[in-house]
Amino acid sequence: MAKENNNPTPKYKISPWLVYGIIVLLFLFISFATGGSAFNEPAKTSSPKFTTFLEEGDVEKVVIYNKSQAEVFLTKQALTEKQHAAVAKDMLNRDSDGPHYTFDIGNDEIFQKKLEEAVAAGKLKDFTFLPKSNWSEIFVSLLPIIIIVAIWIFIMRRMSAGGPGGGGGQIFNIGKSKAKLFDEKNDIKTTFKDVAGLEGAKEEIQEIVEFLKNPQKYTNLGGKIPKGALLVGPPGTGKTLLAKAVAGEAQVPFFSLSGSDFVEMFVGVGASRVRDLFKQAKEKSPAIIFIDEIDAVGRARGKNNFSGSNDERENTLNQLLTEMDGFGTNSNVIVLAATNRADVLDKALMRAGRFDRQIFVDLPDVRERKEIFEVHLMPLKKKEDLDTDFLAKQTPGFSGADIANVCNEAALIAARKDKTLVDKQDFLDAVDRIVGGLEKKNKIVTPDEKRAIAIHEAGHATVSWILEHAAPLVKVTIVPRGQSLGAAWYLPEERLIVRPDQMLDEMCATMGGRAAEKVTFNRISTGALSDLEKVSKQARAMVTIYGLNDRLGNVTYYDSSGQSEYNFSKPYSEETAKVIDEEISALIEGQYQRAISILEENKDKLNQLADILIEKEVIFKDDLEAIFGKRQFDKNLQEETGL
């Protein structure tokens with residue numbers, strides 16, 4: 001966790017309403033500074049009309065500017081007349097003090113003589129010749145431009161003031177790296193002690209830590225600095241956590257960013273960010289650069305590229321390849337990257353000299369799951385006798401993130417039930433919630449549908465109990481959960497290799513639900529959709545991937561490089577496709593008929609199990625043992641799991 005800053009730098013935010021208020025006050029200031037003329041634009045008139053106003057005694061005074069323009073001020077009596085109503089009020093509907101009219105004069109001497117005669121005759125009080133400065137008018141006319149420029153400067157300063165940790169900077173810092181720097185003295189607190197499991201990956205990556213701590217130990221013997229390590233594995237297995245632990249152990253600066261941070265709509269930005277990233281890392285060497293989800297920019301070039309070979313992503317990848325191969329061997333910068341799509345990465349990125357080693361971070365086994373549980377159980381208030389071995393065995397195939405979710409969900413379930421401690425049942429409910437979804441006890445199910453669901457789930461339980469290689473049953477329920485109307489939980493054996501007889505037994509158990517409907521009701525329903533999907537995938541894998549079909553022989557159509565997904569043609573002929581379809585259908589139908597024969601032999605026990613299921617809605621292994629007896633062939637497995 002990052003160290004908290006006790007003296008945060010205050011950030012003052014300027015409200016836009018304050019800007020609007022300043023603009024309004026500026027207009028008012030201009031109005032008062034110009035005597036209100038900013039809101040009182042004089043009307044245009046002509047010299048003959050002025051002469052008429054002058055003869056009628058409507059003019060109080062005249063001001064002549066630069067001997068070329070005259071401004072006319074009317075008397076109060078004249079402002080009450082109808083012909084001057086248009087100039088009697090200003091923009092704010094106040095009595096106008098003038099000037100009321102303006103016009104251009106011709107000969108200033110003749111005009112001056114006319115005014116002198118009017119003064120002498122008492123029709124004009126006064127007139128004045130003044131040199132006029134147009135600064136106020138110029139300022140008023142330029143005010144909109146000044147406001148626009150001020151707002152533009154304000155916005156640009158806000159955008160460029162973001163810096164490395166701010167929210168701005170997108171315009172002026174667009175070519176800068178978005179990598180977040182973790183300071184080894186304050187920020188990075190994660191070590192290998194915080195990473196449970198992953199023993200093989202930790203052992204392999206320990207050498208990188210040793211090098212960053214003591215590089216002379218290796219360089220003195222002529223060894224070269226490893227350029228990078230690629231962490232490959234399924235989502236949630238702890239690749240990012242492992243990379244952060246490396247930085248915490250090595251006590252070096254740690255630059256962390258995602259592969260998508262290089263991607264931008266502007267040309268050349270990605271490559272510029274790569275250059276800036278490696279420049280920063282060299283300045284702080286020894287350092288670690290961690291690029292999460294590197295497949296965002298590291299995809300193989302030239303595949304499915306309809307826009308040409310010079311697109312922005314490829315330019316970014318080219319720059320990344322150059323930087324990883326270009327900086328000196330004594331720069332002490334190591335690149336760590338993580339992805340779960342290693343098959344789509346460019347071969348140039350994967351070669352030795354860039355990513356020297358690939359570390360596979362696999363799903364944890366039962367022993368590693370126990371260690372992960374112990375880490376995530378530490379902050380929970382749990383019962384003292386909680387069996388972590390049992391929890392580890394109940395979560396086969398779970399990643400570290402899944403186990404963290406189980407622990408959190410168990411705490412929420414316990415709190416929902418107003419418990420003071422989290423117990424074993426809360427964890428079992430959490431596993432059910434994550435695997436199957438939320439229970440829907442208020443879902444309306446008719447008695448006929450309930451009977452059909454019970455027969456279906458009892459068929460799964462019966463076939464899996466009788467077959468040797470099928471997974472042992474843990475729990476069966478007919479309570480709707482998630483998108484399913486019923487569910488059965490099994491505890492699969494963790495195998496490294498799978499044989500055909502094991503796969504066939506699993507397929508037969510999967511078809512047990514539909515077979516039970518056929519045996520009991522002599523008709524089938526749509527409830528076996530997920531079963532059909534699962535068994536079809538298994539059969540297709542046996543035929544096309546693992547080469548377990550006698551008719552096709554030892555051949556596979558699986559492409560581990562991932563290039564086949566960009567091809568528009570199948571890797572086999574139409575005749576072979578027909579054979580594949582026939583063999584897949586034969587496999588599925590064979591196991592379906594096998595399940596039917598098993599259930600016909602045990603029809604009474606099937607119905608007995610279904611009746612118990614309808615009554616209790618949930619049955620466990622003990623209920624099956626009471627009906628079928630113990631499973632002899634998995635006795636050792638039962639002893640290991642404690643079921």
# chains A, B, ... in the order shown; residues from 1 in each chain; ligands from 1

$ residues_around --residues "A:Gln69" --least-positions-apart "3" --cutoff "8 Å" --atoms "only C-alpha atoms" --output "PyMOL selection string"
chain A and resi 64-66+102-105

$ write_last_selection --atoms "N, CA and C atoms" --output "mmCIF file, in the first residue's frame"
data_model
loop_
_atom_site.group_PDB
_atom_site.id
_atom_site.type_symbol
_atom_site.label_atom_id
_atom_site.label_comp_id
_atom_site.auth_asym_id
_atom_site.auth_seq_id
_atom_site.Cartn_x
_atom_site.Cartn_y
_atom_site.Cartn_z
ATOM 1 N N ILE A 64 -18.529 68.530 -29.978
ATOM 2 C CA ILE A 64 -17.934 68.201 -31.274
ATOM 3 C C ILE A 64 -16.545 67.613 -31.011
ATOM 4 N N TYR A 65 -16.346 66.376 -31.519
ATOM 5 C CA TYR A 65 -15.075 65.685 -31.340
ATOM 6 C C TYR A 65 -14.290 65.706 -32.632
ATOM 7 N N ASN A 66 -13.034 66.172 -32.508
ATOM 8 C CA ASN A 66 -12.085 66.161 -33.631
ATOM 9 C C ASN A 66 -12.634 66.913 -34.840
ATOM 10 N N THR A 102 -26.086 61.447 -32.720
ATOM 11 C CA THR A 102 -24.749 61.732 -33.229
ATOM 12 C C THR A 102 -24.823 61.798 -34.748
ATOM 13 N N PHE A 103 -23.982 62.671 -35.330
ATOM 14 C CA PHE A 103 -23.931 62.783 -36.789
ATOM 15 C C PHE A 103 -22.596 63.393 -37.171
ATOM 16 N N ASP A 104 -22.235 63.202 -38.415
ATOM 17 C CA ASP A 104 -20.979 63.729 -38.949
ATOM 18 C C ASP A 104 -21.235 65.103 -39.533
ATOM 19 N N ILE A 105 -20.305 66.032 -39.223
ATOM 20 C CA ILE A 105 -20.442 67.400 -39.750
ATOM 21 C C ILE A 105 -19.539 67.570 -40.962
#

$ residues_around --residues "A:Leu320" --least-positions-apart "5" --cutoff "12 Å" --atoms "only C-alpha atoms" --output "list in words"
Gly259, Phe262, Gly270, Ala271, Ser272, Arg273, Val274, Arg275, Asp276, Leu277, Phe278, Ile289, Ile291, Ile294, Val297, Gly298, Arg313, Glu314, Asn315, Asp325, Gly326, Phe327, Val335, Asp346, Ala348, Leu349, Arg354 and Phe355 of chain A

$ residues_around --residues "A:Leu336" --least-positions-apart "3" --cutoff "9 Å" --atoms "only C-alpha atoms" --output "PyMOL selection string"
chain A and resi 227-231+243+288-292+355

$ write_last_selection --atoms "all heavy atoms" --output "PDB file, in the first residue's frame"
ATOM      1  N   LYS A 227      16.973  -9.254 -20.125  1.00  0.00           N
ATOM      2  CA  LYS A 227      16.227  -8.087 -20.595  1.00  0.00           C
ATOM      3  C   LYS A 227      14.796  -8.064 -20.062  1.00  0.00           C
ATOM      4  O   LYS A 227      14.261  -7.003 -19.777  1.00  0.00           O
ATOM      5  CB  LYS A 227      16.194  -8.085 -22.130  1.00  0.00           C
ATOM      6  CG  LYS A 227      17.551  -7.943 -22.768  1.00  0.00           C
ATOM      7  CD  LYS A 227      18.132  -6.571 -22.513  1.00  0.00           C
ATOM      8  CE  LYS A 227      19.466  -6.409 -23.229  1.00  0.00           C
ATOM      9  NZ  LYS A 227      19.346  -6.465 -24.676  1.00  0.00           N
ATOM     10  N   GLY A 228      14.177  -9.241 -19.963  1.00  0.00           N
ATOM     11  CA  GLY A 228      12.789  -9.230 -19.529  1.00  0.00           C
ATOM     12  C   GLY A 228      12.278 -10.621 -19.229  1.00  0.00           C
ATOM     13  O   GLY A 228      12.906 -11.632 -19.566  1.00  0.00           O
ATOM     14  N   ALA A 229      11.126 -10.651 -18.573  1.00  0.00           N
ATOM     15  CA  ALA A 229      10.453 -11.908 -18.257  1.00  0.00           C
ATOM     16  C   ALA A 229       8.970 -11.737 -18.565  1.00  0.00           C
ATOM     17  O   ALA A 229       8.371 -10.704 -18.245  1.00  0.00           O
ATOM     18  CB  ALA A 229      10.656 -12.279 -16.791  1.00  0.00           C
ATOM     19  N   LEU A 230       8.395 -12.744 -19.198  1.00  0.00           N
ATOM     20  CA  LEU A 230       6.988 -12.711 -19.584  1.00  0.00           C
ATOM     21  C   LEU A 230       6.207 -13.664 -18.686  1.00  0.00           C
ATOM     22  O   LEU A 230       6.490 -14.864 -18.646  1.00  0.00           O
ATOM     23  CB  LEU A 230       6.829 -13.113 -21.055  1.00  0.00           C
ATOM     24  CG  LEU A 230       5.412 -13.084 -21.615  1.00  0.00           C
ATOM     25  CD1 LEU A 230       4.870 -11.660 -21.630  1.00  0.00           C
ATOM     26  CD2 LEU A 230       5.380 -13.662 -23.019  1.00  0.00           C
ATOM     27  N   LEU A 231       5.242 -13.118 -17.959  1.00  0.00           N
ATOM     28  CA  LEU A 231       4.383 -13.914 -17.089  1.00  0.00           C
ATOM     29  C   LEU A 231       3.137 -14.308 -17.872  1.00  0.00           C
ATOM     30  O   LEU A 231       2.386 -13.447 -18.322  1.00  0.00           O
ATOM     31  CB  LEU A 231       3.992 -13.115 -15.840  1.00  0.00           C
ATOM     32  CG  LEU A 231       5.159 -12.603 -14.985  1.00  0.00           C
ATOM     33  CD1 LEU A 231       4.656 -11.695 -13.884  1.00  0.00           C
ATOM     34  CD2 LEU A 231       5.931 -13.760 -14.402  1.00  0.00           C
ATOM     35  N   ALA A 243       4.534  -9.582 -10.047  1.00  0.00           N
ATOM     36  CA  ALA A 243       5.418  -8.528 -10.553  1.00  0.00           C
ATOM     37  C   ALA A 243       5.629  -7.444  -9.500  1.00  0.00           C
ATOM     38  O   ALA A 243       6.749  -6.946  -9.313  1.00  0.00           O
ATOM     39  CB  ALA A 243       4.820  -7.922 -11.820  1.00  0.00           C
ATOM     40  N   ILE A 288      12.385  -1.452 -12.764  1.00  0.00           N
ATOM     41  CA  ILE A 288      11.548  -2.468 -13.393  1.00  0.00           C
ATOM     42  C   ILE A 288      10.423  -1.769 -14.135  1.00  0.00           C
ATOM     43  O   ILE A 288       9.786  -0.850 -13.610  1.00  0.00           O
ATOM     44  CB  ILE A 288      10.968  -3.437 -12.342  1.00  0.00           C
ATOM     45  CG1 ILE A 288      12.068  -4.274 -11.706  1.00  0.00           C
ATOM     46  CG2 ILE A 288       9.925  -4.352 -12.960  1.00  0.00           C
ATOM     47  CD1 ILE A 288      11.578  -5.177 -10.598  1.00  0.00           C
ATOM     48  N   ILE A 289      10.188  -2.196 -15.361  1.00  0.00           N
ATOM     49  CA  ILE A 289       9.024  -1.761 -16.132  1.00  0.00           C
ATOM     50  C   ILE A 289       8.061  -2.937 -16.209  1.00  0.00           C
ATOM     51  O   ILE A 289       8.440  -4.020 -16.653  1.00  0.00           O
ATOM     52  CB  ILE A 289       9.421  -1.299 -17.550  1.00  0.00           C
ATOM     53  CG1 ILE A 289      10.329  -0.074 -17.489  1.00  0.00           C
ATOM     54  CG2 ILE A 289       8.182  -1.002 -18.376  1.00  0.00           C
ATOM     55  CD1 ILE A 289      10.865   0.346 -18.844  1.00  0.00           C
ATOM     56  N   PHE A 290       6.845  -2.716 -15.754  1.00  0.00           N
ATOM     57  CA  PHE A 290       5.841  -3.781 -15.813  1.00  0.00           C
ATOM     58  C   PHE A 290       4.722  -3.358 -16.753  1.00  0.00           C
ATOM     59  O   PHE A 290       4.059  -2.337 -16.536  1.00  0.00           O
ATOM     60  CB  PHE A 290       5.271  -4.079 -14.426  1.00  0.00           C
ATOM     61  CG  PHE A 290       4.160  -5.102 -14.456  1.00  0.00           C
ATOM     62  CD1 PHE A 290       4.406  -6.385 -14.929  1.00  0.00           C
ATOM     63  CD2 PHE A 290       2.883  -4.786 -14.042  1.00  0.00           C
ATOM     64  CE1 PHE A 290       3.395  -7.330 -14.972  1.00  0.00           C
ATOM     65  CE2 PHE A 290       1.869  -5.717 -14.071  1.00  0.00           C
ATOM     66  CZ  PHE A 290       2.118  -6.997 -14.538  1.00  0.00           C
ATOM     67  N   ILE A 291       4.523  -4.132 -17.828  1.00  0.00           N
ATOM     68  CA  ILE A 291       3.479  -3.857 -18.822  1.00  0.00           C
ATOM     69  C   ILE A 291       2.422  -4.946 -18.691  1.00  0.00           C
ATOM     70  O   ILE A 291       2.665  -6.098 -19.066  1.00  0.00           O
ATOM     71  CB  ILE A 291       4.050  -3.812 -20.251  1.00  0.00           C
ATOM     72  CG1 ILE A 291       5.204  -2.812 -20.339  1.00  0.00           C
ATOM     73  CG2 ILE A 291       2.953  -3.442 -21.248  1.00  0.00           C
ATOM     74  CD1 ILE A 291       5.900  -2.811 -21.686  1.00  0.00           C
ATOM     75  N   ASP A 292       1.293  -4.591 -18.141  1.00  0.00           N
ATOM     76  CA  ASP A 292       0.206  -5.557 -17.974  1.00  0.00           C
ATOM     77  C   ASP A 292      -0.596  -5.644 -19.268  1.00  0.00           C
ATOM     78  O   ASP A 292      -0.770  -4.635 -19.967  1.00  0.00           O
ATOM     79  CB  ASP A 292      -0.694  -5.130 -16.817  1.00  0.00           C
ATOM     80  CG  ASP A 292      -1.509  -6.283 -16.267  1.00  0.00           C
ATOM     81  OD1 ASP A 292      -1.298  -7.421 -16.732  1.00  0.00           O
ATOM     82  OD2 ASP A 292      -2.352  -6.047 -15.376  1.00  0.00           O
ATOM     83  N   PHE A 355      12.389 -10.871 -24.238  1.00  0.00           N
ATOM     84  CA  PHE A 355      11.885 -11.594 -23.073  1.00  0.00           C
ATOM     85  C   PHE A 355      12.676 -12.901 -22.981  1.00  0.00           C
ATOM     86  O   PHE A 355      12.370 -13.882 -23.653  1.00  0.00           O
ATOM     87  CB  PHE A 355      10.384 -11.853 -23.200  1.00  0.00           C
ATOM     88  CG  PHE A 355       9.551 -10.623 -22.993  1.00  0.00           C
ATOM     89  CD1 PHE A 355       8.841 -10.061 -24.035  1.00  0.00           C
ATOM     90  CD2 PHE A 355       9.500 -10.017 -21.746  1.00  0.00           C
ATOM     91  CE1 PHE A 355       8.088  -8.919 -23.841  1.00  0.00           C
ATOM     92  CE2 PHE A 355       8.749  -8.873 -21.545  1.00  0.00           C
ATOM     93  CZ  PHE A 355       8.045  -8.321 -22.586  1.00  0.00           C
TER      94      PHE A 355
END

$ atom_distance --atom1 "atom CA of A:Asp261" --atom2 "atom CA of A:Asp311"
16.3 Å

$ residues_around --residues "stretch 42-44 of chain A" --least-positions-apart "4" --cutoff "10 Å" --atoms "only C-alpha atoms" --output "JSON, numbers by chain"
{"A": [37, 71, 72, 73, 86, 87, 90, 96, 98, 99, 100, 101, 102, 103, 104]}

$ write_last_selection --atoms "C-alpha atoms" --output "PDB file, in the first residue's frame"
ATOM      1  CA  SER A  37     -22.442  55.161 -22.581  1.00  0.00           C
ATOM      2  CA  GLU A  71     -22.925  64.410 -30.184  1.00  0.00           C
ATOM      3  CA  VAL A  72     -26.276  65.970 -29.376  1.00  0.00           C
ATOM      4  CA  PHE A  73     -27.756  66.170 -25.848  1.00  0.00           C
ATOM      5  CA  ALA A  86     -36.596  56.055 -29.092  1.00  0.00           C
ATOM      6  CA  VAL A  87     -33.640  57.771 -27.387  1.00  0.00           C
ATOM      7  CA  ASP A  90     -31.154  53.377 -22.333  1.00  0.00           C
ATOM      8  CA  SER A  96     -30.933  58.460 -20.742  1.00  0.00           C
ATOM      9  CA  GLY A  98     -27.138  61.357 -23.417  1.00  0.00           C
ATOM     10  CA  PRO A  99     -25.664  61.733 -25.867  1.00  0.00           C
ATOM     11  CA  HIS A 100     -28.941  61.091 -27.661  1.00  0.00           C
ATOM     12  CA  TYR A 101     -27.944  61.698 -31.261  1.00  0.00           C
ATOM     13  CA  THR A 102     -24.749  61.732 -33.229  1.00  0.00           C
ATOM     14  CA  PHE A 103     -23.931  62.783 -36.789  1.00  0.00           C
ATOM     15  CA  ASP A 104     -20.979  63.729 -38.949  1.00  0.00           C
TER      16      ASP A 104
END

$ residues_around --residues "stretch 502-512 of chain A" --least-positions-apart "3" --cutoff "10 Å" --atoms "only C-alpha atoms" --output "mmCIF file with C-alpha atoms, in the first residue's frame"
data_model
loop_
_atom_site.group_PDB
_atom_site.id
_atom_site.type_symbol
_atom_site.label_atom_id
_atom_site.label_comp_id
_atom_site.auth_asym_id
_atom_site.auth_seq_id
_atom_site.Cartn_x
_atom_site.Cartn_y
_atom_site.Cartn_z
ATOM 1 C CA ILE A 455 -35.521 -36.681 -12.145
ATOM 2 C CA HIS A 456 -32.966 -34.859 -14.288
ATOM 3 C CA GLU A 457 -30.638 -34.052 -11.368
ATOM 4 C CA ALA A 458 -31.138 -37.500 -9.833
ATOM 5 C CA GLY A 459 -30.094 -39.003 -13.170
ATOM 6 C CA HIS A 460 -26.803 -37.072 -13.041
ATOM 7 C CA ALA A 461 -26.212 -38.203 -9.453
ATOM 8 C CA THR A 462 -27.062 -41.859 -10.154
ATOM 9 C CA VAL A 463 -24.847 -42.269 -13.222
ATOM 10 C CA SER A 464 -21.907 -40.410 -11.673
ATOM 11 C CA TRP A 465 -22.195 -42.558 -8.531
ATOM 12 C CA ILE A 466 -22.118 -45.830 -10.456
ATOM 13 C CA LEU A 467 -19.373 -45.017 -12.984
ATOM 14 C CA GLU A 468 -15.789 -45.424 -11.816
ATOM 15 C CA HIS A 469 -14.139 -42.404 -13.403
ATOM 16 C CA ALA A 470 -16.996 -39.915 -12.961
ATOM 17 C CA ALA A 471 -16.443 -37.188 -10.378
ATOM 18 C CA PRO A 492 -13.424 -33.666 -9.763
ATOM 19 C CA VAL A 498 -6.898 -37.648 -18.996
ATOM 20 C CA ARG A 499 -7.512 -41.009 -20.645
ATOM 21 C CA ALA A 515 -31.370 -40.145 -20.110
ATOM 22 C CA ALA A 516 -33.282 -40.077 -16.788
ATOM 23 C CA GLU A 517 -36.051 -38.026 -18.405
ATOM 24 C CA LYS A 518 -36.234 -40.538 -21.254
ATOM 25 C CA ALA A 528 -30.373 -30.408 -20.951
ATOM 26 C CA SER A 530 -25.913 -26.913 -20.865
ATOM 27 C CA ASP A 531 -25.308 -30.686 -20.683
ATOM 28 C CA LEU A 532 -25.405 -30.986 -24.471
ATOM 29 C CA LYS A 534 -20.567 -29.529 -22.431
ATOM 30 C CA VAL A 535 -20.623 -33.035 -23.895
ATOM 31 C CA SER A 536 -20.382 -31.714 -27.472
ATOM 32 C CA GLN A 538 -15.731 -32.873 -24.952
ATOM 33 C CA ALA A 539 -16.527 -35.087 -27.932
ATOM 34 C CA MET A 542 -11.513 -36.024 -28.348
ATOM 35 C CA LEU A 587 -19.584 -40.703 -29.270
ATOM 36 C CA ILE A 588 -22.428 -38.679 -27.775
ATOM 37 C CA GLU A 589 -25.155 -41.145 -28.764
ATOM 38 C CA GLY A 590 -23.105 -44.058 -27.435
ATOM 39 C CA GLN A 591 -22.768 -42.486 -24.000
ATOM 40 C CA TYR A 592 -26.439 -41.487 -24.061
ATOM 41 C CA GLN A 593 -27.495 -45.086 -24.646
ATOM 42 C CA ARG A 594 -25.039 -46.218 -21.981
ATOM 43 C CA ALA A 595 -26.608 -43.834 -19.470
ATOM 44 C CA ILE A 596 -30.097 -45.088 -20.403
ATOM 45 C CA ILE A 598 -27.550 -47.799 -16.381
ATOM 46 C CA LEU A 599 -30.667 -45.932 -15.304
#

$ select_by_dssp --residues "stretch 395-614 of chain A" --states "helix (DSSP H, G or I)" --output "ChimeraX atom specification"
/A:400-416,424-436,447-466,500-510,512-521,526-545,563-566,574-601,603-614
